[in-house]
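With mmCIF, C-alpha atoms (C1' of nucleotides) inside, this is coords_2.cif:
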data_upload
loop_
_atom_site.group_PDB
_atom_site.id
_atom_site.type_symbol
_atom_site.label_atom_id
_atom_site.label_comp_id
_atom_site.auth_asym_id
_atom_site.auth_seq_id
_atom_site.Cartn_x
_atom_site.Cartn_y
_atom_site.Cartn_z
ATOM 1 C CA MET A 1 -11.485 -7.259 26.134
ATOM 2 C CA THR A 2 -10.924 -10.410 28.164
ATOM 3 C CA THR A 3 -11.154 -11.131 31.887
ATOM 4 C CA ARG A 4 -7.684 -11.898 33.087
ATOM 5 C CA PRO A 5 -5.572 -10.495 35.947
ATOM 6 C CA ALA A 6 -3.891 -7.456 34.380
ATOM 7 C CA PRO A 7 -3.565 -6.339 30.726
ATOM 8 C CA ALA A 8 0.119 -5.517 31.021
ATOM 9 C CA VAL A 9 0.236 -2.145 29.312
ATOM 10 C CA GLN A 10 3.513 -0.912 30.676
ATOM 11 C CA PRO A 11 3.770 2.757 31.564
ATOM 12 C CA SER A 12 6.890 2.849 29.356
ATOM 13 C CA ALA A 13 7.608 4.383 25.999
ATOM 14 C CA ALA A 14 7.106 7.956 27.177
ATOM 15 C CA THR A 15 5.009 9.028 24.178
ATOM 16 C CA PRO A 16 1.224 8.745 24.301
ATOM 17 C CA LEU A 17 -0.670 6.412 21.998
ATOM 18 C CA LEU A 18 -1.177 7.718 18.498
ATOM 19 C CA ASP A 19 -4.550 9.275 17.938
ATOM 20 C CA GLU A 20 -6.377 8.433 14.753
ATOM 21 C CA ARG A 21 -5.200 11.450 12.834
ATOM 22 C CA ALA A 22 -1.550 10.946 13.732
ATOM 23 C CA ALA A 23 -1.815 7.277 12.858
ATOM 24 C CA GLU A 24 -3.079 8.173 9.419
ATOM 25 C CA GLU A 25 -0.364 10.709 8.775
ATOM 26 C CA LEU A 26 2.309 8.362 9.998
ATOM 27 C CA ALA A 27 0.934 5.517 7.941
ATOM 28 C CA ALA A 28 0.863 7.782 4.896
ATOM 29 C CA THR A 29 4.531 8.573 5.401
ATOM 30 C CA PHE A 30 5.505 4.923 5.627
ATOM 31 C CA ALA A 31 3.188 3.948 2.816
ATOM 32 C CA VAL A 32 4.853 6.324 0.434
ATOM 33 C CA LEU A 33 8.147 4.552 1.098
ATOM 34 C CA GLY A 34 6.422 1.209 0.867
ATOM 35 C CA ASP A 35 6.829 0.730 -2.826
ATOM 36 C CA PRO A 36 9.948 -0.564 -4.588
ATOM 37 C CA THR A 37 9.919 2.167 -7.189
ATOM 38 C CA ARG A 38 9.580 4.981 -4.705
ATOM 39 C CA VAL A 39 12.079 3.603 -2.257
ATOM 40 C CA ARG A 40 14.572 3.367 -5.098
ATOM 41 C CA LEU A 41 13.863 6.938 -6.112
ATOM 42 C CA VAL A 42 14.380 8.107 -2.560
ATOM 43 C CA ASP A 43 17.531 6.062 -2.226
ATOM 44 C CA ALA A 44 18.898 7.504 -5.443
ATOM 45 C CA LEU A 45 18.176 11.006 -4.197
ATOM 46 C CA ALA A 46 19.927 10.182 -0.946
ATOM 47 C CA HIS A 47 23.063 10.081 -3.085
ATOM 48 C CA GLY A 48 22.468 13.444 -4.666
ATOM 49 C CA GLU A 49 20.188 15.720 -6.600
ATOM 50 C CA LEU A 50 18.797 14.270 -9.822
ATOM 51 C CA CYS A 51 16.362 15.290 -12.522
ATOM 52 C CA VAL A 52 13.350 13.313 -13.693
ATOM 53 C CA SER A 53 15.102 11.927 -16.717
ATOM 54 C CA ASP A 54 18.008 10.620 -14.618
ATOM 55 C CA LEU A 55 15.642 9.079 -12.104
ATOM 56 C CA SER A 56 13.740 7.470 -14.914
ATOM 57 C CA THR A 57 16.972 5.804 -16.022
ATOM 58 C CA VAL A 58 17.866 4.723 -12.512
ATOM 59 C CA VAL A 59 14.595 2.927 -11.845
ATOM 60 C CA GLY A 60 14.039 1.802 -15.410
ATOM 61 C CA LEU A 61 10.554 3.221 -15.780
ATOM 62 C CA SER A 62 8.935 5.813 -18.011
ATOM 63 C CA GLU A 63 9.391 9.461 -17.132
ATOM 64 C CA SER A 64 5.651 9.670 -16.779
ATOM 65 C CA ALA A 65 5.571 6.948 -14.160
ATOM 66 C CA VAL A 66 8.438 8.592 -12.322
ATOM 67 C CA SER A 67 6.801 11.977 -12.461
ATOM 68 C CA HIS A 68 3.623 10.565 -10.967
ATOM 69 C CA GLN A 69 5.548 9.046 -8.098
ATOM 70 C CA LEU A 70 7.538 12.200 -7.524
ATOM 71 C CA ARG A 71 4.319 14.078 -7.168
ATOM 72 C CA LEU A 72 3.304 11.745 -4.378
ATOM 73 C CA LEU A 73 6.685 12.069 -2.711
ATOM 74 C CA ARG A 74 6.453 15.826 -2.982
ATOM 75 C CA SER A 75 2.987 15.955 -1.497
ATOM 76 C CA LEU A 76 4.257 14.179 1.614
ATOM 77 C CA ARG A 77 7.359 16.341 1.799
ATOM 78 C CA ILE A 78 9.715 13.497 1.184
ATOM 79 C CA VAL A 79 11.324 15.262 -1.732
ATOM 80 C CA ARG A 80 11.516 18.812 -2.945
ATOM 81 C CA ALA A 81 11.869 20.163 -6.477
ATOM 82 C CA ARG A 82 13.929 22.903 -8.060
ATOM 83 C CA ARG A 83 13.634 23.975 -11.643
ATOM 84 C CA ALA A 84 16.767 24.699 -13.671
ATOM 85 C CA GLY A 85 15.930 25.491 -17.239
ATOM 86 C CA ARG A 86 14.024 22.623 -18.758
ATOM 87 C CA GLN A 87 14.962 20.148 -16.071
ATOM 88 C CA VAL A 88 13.488 19.861 -12.625
ATOM 89 C CA TYR A 89 15.955 18.656 -10.022
ATOM 90 C CA TYR A 90 14.774 16.703 -7.032
ATOM 91 C CA GLN A 91 16.368 16.240 -3.633
ATOM 92 C CA LEU A 92 15.333 14.864 -0.270
ATOM 93 C CA ASP A 93 13.254 17.327 1.667
ATOM 94 C CA ASP A 94 14.673 16.806 5.131
ATOM 95 C CA ALA A 95 17.271 14.830 7.041
ATOM 96 C CA HIS A 96 14.855 12.412 8.688
ATOM 97 C CA ILE A 97 14.254 10.693 5.394
ATOM 98 C CA ARG A 98 17.825 9.505 5.243
ATOM 99 C CA THR A 99 17.593 8.228 8.812
ATOM 100 C CA LEU A 100 14.343 6.493 8.043
ATOM 101 C CA LEU A 101 15.943 4.770 5.092
ATOM 102 C CA ASP A 102 18.932 3.705 7.174
ATOM 103 C CA GLN A 103 16.833 2.290 9.978
ATOM 104 C CA GLY A 104 14.795 0.378 7.472
ATOM 105 C CA ARG A 105 17.942 -1.034 5.940
ATOM 106 C CA ARG A 106 19.205 -2.082 9.332
ATOM 107 C CA HIS A 107 15.950 -3.840 10.013
ATOM 108 C CA ILE A 108 16.029 -5.952 6.890
ATOM 109 C CA GLU A 109 19.621 -6.871 7.551
ATOM 110 C CA GLU A 110 18.702 -8.054 11.008
ATOM 111 C CA ALA A 111 15.588 -9.799 9.714
ATOM 112 C CA ARG A 112 17.696 -11.926 7.370
ATOM 113 C CA ALA A 113 18.881 -14.004 10.320
ATOM 114 C CA MET B 1 18.778 10.208 -20.195
ATOM 115 C CA THR B 2 19.315 13.762 -21.405
ATOM 116 C CA THR B 3 22.250 15.502 -22.981
ATOM 117 C CA ARG B 4 23.445 18.064 -20.512
ATOM 118 C CA PRO B 5 26.900 18.775 -18.998
ATOM 119 C CA ALA B 6 27.006 16.382 -16.050
ATOM 120 C CA PRO B 7 24.291 14.313 -14.341
ATOM 121 C CA ALA B 8 25.322 15.374 -10.839
ATOM 122 C CA VAL B 9 25.267 12.039 -9.046
ATOM 123 C CA GLN B 10 27.415 12.960 -6.088
ATOM 124 C CA PRO B 11 29.851 10.353 -4.823
ATOM 125 C CA SER B 12 28.294 10.909 -1.361
ATOM 126 C CA ALA B 13 26.098 8.838 0.910
ATOM 127 C CA ALA B 14 28.619 6.067 1.439
ATOM 128 C CA THR B 15 26.138 3.246 0.830
ATOM 129 C CA PRO B 16 25.690 1.851 -2.662
ATOM 130 C CA LEU B 17 22.423 2.127 -4.544
ATOM 131 C CA LEU B 18 19.818 -0.416 -3.530
ATOM 132 C CA ASP B 19 19.644 -3.387 -5.815
ATOM 133 C CA GLU B 20 16.233 -4.606 -6.864
ATOM 134 C CA ARG B 21 15.961 -7.259 -4.179
ATOM 135 C CA ALA B 22 16.944 -4.925 -1.370
ATOM 136 C CA ALA B 23 14.533 -2.321 -2.668
ATOM 137 C CA GLU B 24 11.717 -4.816 -2.512
ATOM 138 C CA GLU B 25 12.535 -5.951 0.991
ATOM 139 C CA LEU B 26 12.903 -2.408 2.204
ATOM 140 C CA ALA B 27 9.657 -1.390 0.545
ATOM 141 C CA ALA B 28 7.924 -4.359 2.134
ATOM 142 C CA THR B 29 9.115 -3.223 5.544
ATOM 143 C CA PHE B 30 7.814 0.286 5.062
ATOM 144 C CA ALA B 31 4.626 -0.912 3.429
ATOM 145 C CA VAL B 32 3.709 -2.987 6.421
ATOM 146 C CA LEU B 33 3.868 0.157 8.532
ATOM 147 C CA GLY B 34 2.000 2.072 5.864
ATOM 148 C CA ASP B 35 -1.460 1.339 7.104
ATOM 149 C CA PRO B 36 -3.256 3.154 9.938
ATOM 150 C CA THR B 37 -4.388 -0.046 11.603
ATOM 151 C CA ARG B 38 -0.971 -1.650 11.591
ATOM 152 C CA VAL B 39 0.882 1.461 12.647
ATOM 153 C CA ARG B 40 -1.494 1.737 15.591
ATOM 154 C CA LEU B 41 -0.898 -1.875 16.492
ATOM 155 C CA VAL B 42 2.836 -1.367 16.384
ATOM 156 C CA ASP B 43 2.574 1.835 18.358
ATOM 157 C CA ALA B 44 0.492 0.105 21.012
ATOM 158 C CA LEU B 45 3.056 -2.670 21.231
ATOM 159 C CA ALA B 46 5.792 -0.084 21.602
ATOM 160 C CA HIS B 47 4.181 0.630 24.960
ATOM 161 C CA GLY B 48 4.193 -2.981 26.069
ATOM 162 C CA GLU B 49 3.194 -6.523 25.372
ATOM 163 C CA LEU B 50 -0.491 -7.063 24.512
ATOM 164 C CA CYS B 51 -2.716 -9.931 23.455
ATOM 165 C CA VAL B 52 -4.958 -10.018 20.406
ATOM 166 C CA SER B 53 -8.073 -9.165 22.340
ATOM 167 C CA ASP B 54 -6.442 -6.067 23.872
ATOM 168 C CA LEU B 55 -5.128 -4.977 20.522
ATOM 169 C CA SER B 56 -8.544 -5.442 19.043
ATOM 170 C CA THR B 57 -9.916 -3.044 21.631
ATOM 171 C CA VAL B 58 -7.149 -0.516 21.055
ATOM 172 C CA VAL B 59 -7.700 -0.240 17.330
ATOM 173 C CA GLY B 60 -11.438 -0.808 17.432
ATOM 174 C CA LEU B 61 -11.531 -3.630 14.931
ATOM 175 C CA SER B 62 -12.562 -7.274 15.030
ATOM 176 C CA GLU B 63 -10.149 -9.780 16.478
ATOM 177 C CA SER B 64 -10.126 -11.482 13.141
ATOM 178 C CA ALA B 65 -8.982 -8.351 11.339
ATOM 179 C CA VAL B 66 -6.321 -7.790 13.957
ATOM 180 C CA SER B 67 -5.136 -11.358 13.743
ATOM 181 C CA HIS B 68 -4.759 -11.059 9.986
ATOM 182 C CA GLN B 69 -2.666 -7.942 10.366
ATOM 183 C CA LEU B 70 -0.558 -9.472 13.100
ATOM 184 C CA ARG B 71 0.246 -12.318 10.795
ATOM 185 C CA LEU B 72 1.595 -9.854 8.276
ATOM 186 C CA LEU B 73 3.593 -8.046 10.924
ATOM 187 C CA ARG B 74 4.978 -11.356 12.131
ATOM 188 C CA SER B 75 6.000 -12.454 8.656
ATOM 189 C CA LEU B 76 8.127 -9.339 8.316
ATOM 190 C CA ARG B 77 9.582 -9.703 11.785
ATOM 191 C CA ILE B 78 8.026 -6.537 13.054
ATOM 192 C CA VAL B 79 6.356 -8.322 15.938
ATOM 193 C CA ARG B 80 6.841 -11.607 17.722
ATOM 194 C CA ALA B 81 4.310 -13.813 19.485
ATOM 195 C CA ARG B 82 4.332 -15.738 22.729
ATOM 196 C CA ARG B 83 1.519 -17.992 23.867
ATOM 197 C CA ALA B 84 0.367 -17.932 27.481
ATOM 198 C CA GLY B 85 -2.595 -20.167 28.032
ATOM 199 C CA ARG B 86 -5.390 -19.186 25.727
ATOM 200 C CA GLN B 87 -3.945 -15.798 24.910
ATOM 201 C CA VAL B 88 -1.144 -14.998 22.554
ATOM 202 C CA TYR B 89 0.921 -12.014 23.588
ATOM 203 C CA TYR B 90 2.625 -9.864 21.017
ATOM 204 C CA GLN B 91 5.628 -7.597 21.314
ATOM 205 C CA LEU B 92 7.927 -5.723 18.974
ATOM 206 C CA ASP B 93 10.514 -7.998 17.426
ATOM 207 C CA ASP B 94 13.549 -5.718 17.526
ATOM 208 C CA ALA B 95 14.652 -2.300 18.637
ATOM 209 C CA HIS B 96 14.813 -0.759 15.176
ATOM 210 C CA ILE B 97 11.060 -0.762 14.940
ATOM 211 C CA ARG B 98 10.785 1.732 17.746
ATOM 212 C CA THR B 99 13.379 3.952 16.114
ATOM 213 C CA LEU B 100 11.587 3.687 12.811
ATOM 214 C CA LEU B 101 8.372 4.782 14.456
ATOM 215 C CA ASP B 102 10.075 7.703 16.171
ATOM 216 C CA GLN B 103 11.742 8.940 13.013
ATOM 217 C CA GLY B 104 8.441 8.754 11.223
ATOM 218 C CA ARG B 105 6.801 10.749 13.951
ATOM 219 C CA ARG B 106 9.496 13.369 13.769
ATOM 220 C CA HIS B 107 9.002 13.655 10.060
ATOM 221 C CA ILE B 108 5.292 14.322 10.241
ATOM 222 C CA GLU B 109 5.857 16.899 12.952
ATOM 223 C CA GLU B 110 8.337 18.701 10.747
ATOM 224 C CA ALA B 111 6.093 18.303 7.704
ATOM 225 C CA ARG B 112 3.293 20.179 9.473
ATOM 226 C CA ALA B 113 5.180 23.455 8.986
ATOM 227 C "C1'" DT C 1 -15.210 -35.668 27.027
ATOM 228 C "C1'" DT C 2 -17.779 -31.615 26.103
ATOM 229 C "C1'" DA C 3 -18.394 -26.719 26.252
ATOM 230 C "C1'" DA C 4 -16.587 -22.309 26.036
ATOM 231 C "C1'" DC C 5 -12.974 -19.148 25.120
ATOM 232 C "C1'" DA C 6 -8.924 -17.046 22.361
ATOM 233 C "C1'" DT C 7 -6.794 -16.921 18.207
ATOM 234 C "C1'" DA C 8 -5.931 -18.234 13.367
ATOM 235 C "C1'" DT C 9 -7.135 -19.038 8.666
ATOM 236 C "C1'" DG C 10 -9.696 -19.091 4.097
ATOM 237 C "C1'" DA C 11 -12.801 -17.097 0.814
ATOM 238 C "C1'" DA C 12 -14.825 -13.226 -1.095
ATOM 239 C "C1'" DC C 13 -15.737 -8.473 -2.123
ATOM 240 C "C1'" DG C 14 -14.957 -3.492 -2.719
ATOM 241 C "C1'" DC C 15 -11.441 -0.046 -2.703
ATOM 242 C "C1'" DC C 16 -7.070 1.713 -3.644
ATOM 243 C "C1'" DT C 17 -2.730 2.018 -6.233
ATOM 244 C "C1'" DG C 18 0.854 1.979 -9.974
ATOM 245 C "C1'" DC C 19 1.366 1.673 -14.409
ATOM 246 C "C1'" DT C 20 0.495 3.112 -19.527
ATOM 247 C "C1'" DC C 21 -1.145 6.082 -23.038
ATOM 248 C "C1'" DA C 22 -2.601 10.478 -24.503
ATOM 249 C "C1'" DT C 23 -2.299 15.193 -23.817
ATOM 250 C "C1'" DA C 24 -1.121 19.600 -21.540
ATOM 251 C "C1'" DT C 25 2.173 22.908 -19.637
ATOM 252 C "C1'" DG C 26 6.776 25.152 -19.274
ATOM 253 C "C1'" DA C 27 11.149 26.309 -21.128
ATOM 254 C "C1'" DT C 28 14.699 26.859 -24.689
ATOM 255 C "C1'" DC C 29 16.436 27.451 -29.278
ATOM 256 C "C1'" DA C 30 16.254 28.499 -34.244
ATOM 257 C "C1'" DT D 1 6.917 32.665 -33.740
ATOM 258 C "C1'" DG D 2 7.097 27.757 -34.173
ATOM 259 C "C1'" DA D 3 9.487 23.503 -33.113
ATOM 260 C "C1'" DT D 4 11.357 20.649 -29.758
ATOM 261 C "C1'" DC D 5 12.684 19.083 -25.331
ATOM 262 C "C1'" DA D 6 11.568 18.130 -20.223
ATOM 263 C "C1'" DT D 7 8.150 17.475 -17.110
ATOM 264 C "C1'" DA D 8 3.368 17.224 -15.427
ATOM 265 C "C1'" DT D 9 -1.350 15.695 -15.432
ATOM 266 C "C1'" DG D 10 -5.709 13.014 -16.434
ATOM 267 C "C1'" DA D 11 -8.198 8.855 -17.586
ATOM 268 C "C1'" DG D 12 -8.431 4.108 -17.412
ATOM 269 C "C1'" DC D 13 -7.304 -0.566 -16.365
ATOM 270 C "C1'" DA D 14 -5.178 -4.664 -13.877
ATOM 271 C "C1'" DG D 15 -3.507 -6.318 -9.743
ATOM 272 C "C1'" DG D 16 -3.129 -6.018 -4.743
ATOM 273 C "C1'" DC D 17 -4.967 -5.038 -0.095
ATOM 274 C "C1'" DG D 18 -7.978 -4.720 4.184
ATOM 275 C "C1'" DT D 19 -12.007 -5.877 5.885
ATOM 276 C "C1'" DT D 20 -15.947 -9.158 7.027
ATOM 277 C "C1'" DC D 21 -18.029 -13.601 7.590
ATOM 278 C "C1'" DA D 22 -17.620 -18.368 8.279
ATOM 279 C "C1'" DT D 23 -14.945 -21.906 10.020
ATOM 280 C "C1'" DA D 24 -10.869 -24.278 11.972
ATOM 281 C "C1'" DT D 25 -7.347 -24.914 15.548
ATOM 282 C "C1'" DG D 26 -5.568 -24.692 20.155
ATOM 283 C "C1'" DT D 27 -6.321 -24.226 25.208
ATOM 284 C "C1'" DT D 28 -8.691 -24.402 29.580
ATOM 285 C "C1'" DA D 29 -12.357 -25.685 32.712
ATOM 286 C "C1'" DA D 30 -16.339 -28.527 34.090
#
Go ahead and express the file in the form of structure tokens.
Amino acid sequence: MTTRPAPAVQPSAATPLLDERAAEELAATFAVLGDPTRVRLVDALAHGELCVSDLSTVVGLSESAVSHQLRLLRSLRIVRARRAGRQVYYQLDDAHIRTLLDQGRRHIEEARA
Amino acid sequence: MTTRPAPAVQPSAATPLLDERAAEELAATFAVLGDPTRVRLVDALAHGELCVSDLSTVVGLSESAVSHQLRLLRSLRIVRARRAGRQVYYQLDDAHIRTLLDQGRRHIEEARA
DNA sequence: TTAACATATGAACGCCTGCTCATATGATCA
DNA sequence: TGATCATATGAGCAGGCGTTCATATGTTAA
């Protein structure tokens, strides 16, 4: 810390600073979207329920690779699975994901200035 | 792709599928928030403008480490810098960042069910 | 100018991550 | 049941990332 007049931490923002645990959980959530493959999977699912084989086609990767990523997405509750016969259909787990995706999209549009 | 009745890609969601470039940019945006240190930096800045030394105290890391991370955040237009004498003050670059953070927070709260 | 402070940058190293390949599990059909 | 399809999982490897340490740049004060 330095020795100047006043650090300028505004009262603002209402919410308290993230504690270490929250920071890690939050980071984990963003990190899971921070990969081109996964963000494409999530985006595809934002358009509707799809099975592993379809998703594999959409992103152009092996079904194994996709399955690995879906496991990650599942573990963080980004997507949710439903078995129907041999296929397993995936969909977004909750509504925030879509909002998150949209906000992100808006940011990159603005950042292209 | 499999051989079943109908793939089930709903017309829905209004927006078209992300092309490869957009997916990479979007992923890069999320990825930069996908690290505990950086998400704490951004969260701190959501409460007000701070200089490197302050931020270093907040996250408990060297000023060098913080400076490296700030560079990343700057390059993706997450934060913006302003020099005032010897210090450089950082603040969030646009309003979406705050929203992004909030949505993320809401998600982890819901995911704790 | 010189010294001291605040921040930035480069190199290097260990850890983590995303893929592939091989194999296992689950489900359907003959 | 046995064969085949759809998905999941484990091991392993290459590339990327976050930190530290050393050093450079920019700014103020003496």
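Using all atoms listed in the file for every distance, the candidate list A:Thr37, A:Gln87, A:Thr15, A:Thr29 yields A:Gln87 as the residue closest to Asp54 in chain A.
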TODO: Pull out every residue of chain A that has at least one atom within 8 Å of chain C, counting only C-alpha atoms (C1' of nucleotides), and report them as a ChimeraX atom specification.
DONE: /A:65,85-86
TODO: Name the residues that the PyMOL selection byres ((chain D) within 12 of (chain A)) picks from the file above, as number ranges by chain, using the file's chain letters and numbers.
DONE: D: 4-10
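Residues surrounding range 90-96 of chain B within 8 Å are A:Gln103, A:Gly104, A:Arg106, A:His107, B:Val42, B:Leu45, B:Ala46, B:Gly48, B:Glu49, B:Leu50, B:Cys51, B:Val52, B:Arg77, B:Ile78, B:Val79, B:Arg80, B:Ala81, B:Arg82, B:Leu100 [only C-alpha atoms (C1' of nucleotides); sequence separation below 4 positions excluded].
For the choices A:Leu73, A:Val59, A:Leu41, A:Ala27, the atom-to-atom distance to chain B is smallest for A:Ala27 when using all atoms listed in the file.
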Taking N, CA and C atoms as the atom set, what does range 60-87 of chain A look like once completed, written as a compact mmCIF listing (two decimals), in the frame of the given file?
# COMPACT_ATOMS: atom_id res chain seq x y z
N GLY A 60 14.45 2.56 -14.23
CA GLY A 60 14.04 1.80 -15.41
C GLY A 60 12.56 1.87 -15.71
N LEU A 61 11.98 3.03 -15.47
CA LEU A 61 10.55 3.22 -15.78
C LEU A 61 10.39 4.49 -16.60
N SER A 62 9.21 4.63 -17.20
CA SER A 62 8.94 5.81 -18.01
C SER A 62 9.02 7.09 -17.18
N GLU A 63 9.31 8.19 -17.84
CA GLU A 63 9.39 9.46 -17.13
C GLU A 63 8.02 9.84 -16.59
N SER A 64 7.00 9.41 -17.27
CA SER A 64 5.65 9.67 -16.78
C SER A 64 5.42 8.98 -15.44
N ALA A 65 5.74 7.71 -15.40
CA ALA A 65 5.57 6.95 -14.16
C ALA A 65 6.35 7.60 -13.03
N VAL A 66 7.59 7.97 -13.34
CA VAL A 66 8.44 8.59 -12.32
C VAL A 66 7.86 9.92 -11.86
N SER A 67 7.36 10.68 -12.80
CA SER A 67 6.80 11.98 -12.46
C SER A 67 5.59 11.83 -11.54
N HIS A 68 4.77 10.84 -11.83
CA HIS A 68 3.62 10.56 -10.97
C HIS A 68 4.08 10.26 -9.54
N GLN A 69 5.07 9.42 -9.43
CA GLN A 69 5.55 9.05 -8.10
C GLN A 69 6.19 10.23 -7.39
N LEU A 70 6.90 11.04 -8.13
CA LEU A 70 7.54 12.20 -7.52
C LEU A 70 6.49 13.16 -6.97
N ARG A 71 5.38 13.22 -7.66
CA ARG A 71 4.32 14.08 -7.17
C ARG A 71 3.86 13.62 -5.79
N LEU A 72 3.68 12.32 -5.67
CA LEU A 72 3.30 11.74 -4.38
C LEU A 72 4.35 12.07 -3.31
N LEU A 73 5.60 11.82 -3.66
CA LEU A 73 6.68 12.07 -2.71
C LEU A 73 6.75 13.54 -2.32
N ARG A 74 6.46 14.40 -3.27
CA ARG A 74 6.45 15.83 -2.98
C ARG A 74 5.32 16.17 -2.03
N SER A 75 4.16 15.60 -2.30
CA SER A 75 2.99 15.96 -1.50
C SER A 75 3.17 15.56 -0.03
N LEU A 76 4.00 14.58 0.23
CA LEU A 76 4.26 14.18 1.61
C LEU A 76 5.57 14.74 2.13
N ARG A 77 6.13 15.67 1.39
CA ARG A 77 7.36 16.34 1.80
C ARG A 77 8.53 15.38 1.97
N ILE A 78 8.57 14.39 1.15
CA ILE A 78 9.72 13.50 1.18
C ILE A 78 10.79 14.07 0.28
N VAL A 79 10.38 14.62 -0.84
CA VAL A 79 11.32 15.26 -1.73
C VAL A 79 10.86 16.68 -2.05
N ARG A 80 11.78 17.41 -2.64
CA ARG A 80 11.52 18.81 -2.94
C ARG A 80 12.10 19.08 -4.33
N ALA A 81 11.47 19.94 -5.09
CA ALA A 81 11.87 20.16 -6.48
C ALA A 81 12.45 21.55 -6.70
N ARG A 82 13.29 21.64 -7.72
CA ARG A 82 13.93 22.90 -8.06
C ARG A 82 14.08 22.92 -9.57
N ARG A 83 13.55 23.93 -10.19
CA ARG A 83 13.63 23.98 -11.64
C ARG A 83 14.93 24.65 -12.08
N ALA A 84 15.56 24.09 -13.10
CA ALA A 84 16.77 24.70 -13.67
C ALA A 84 16.67 24.56 -15.18
N GLY A 85 16.15 25.57 -15.80
CA GLY A 85 15.93 25.49 -17.24
C GLY A 85 14.82 24.52 -17.54
N ARG A 86 15.08 23.58 -18.42
CA ARG A 86 14.02 22.62 -18.76
C ARG A 86 13.89 21.53 -17.70
N GLN A 87 15.00 21.23 -17.06
CA GLN A 87 14.96 20.15 -16.07
C GLN A 87 14.39 20.60 -14.73
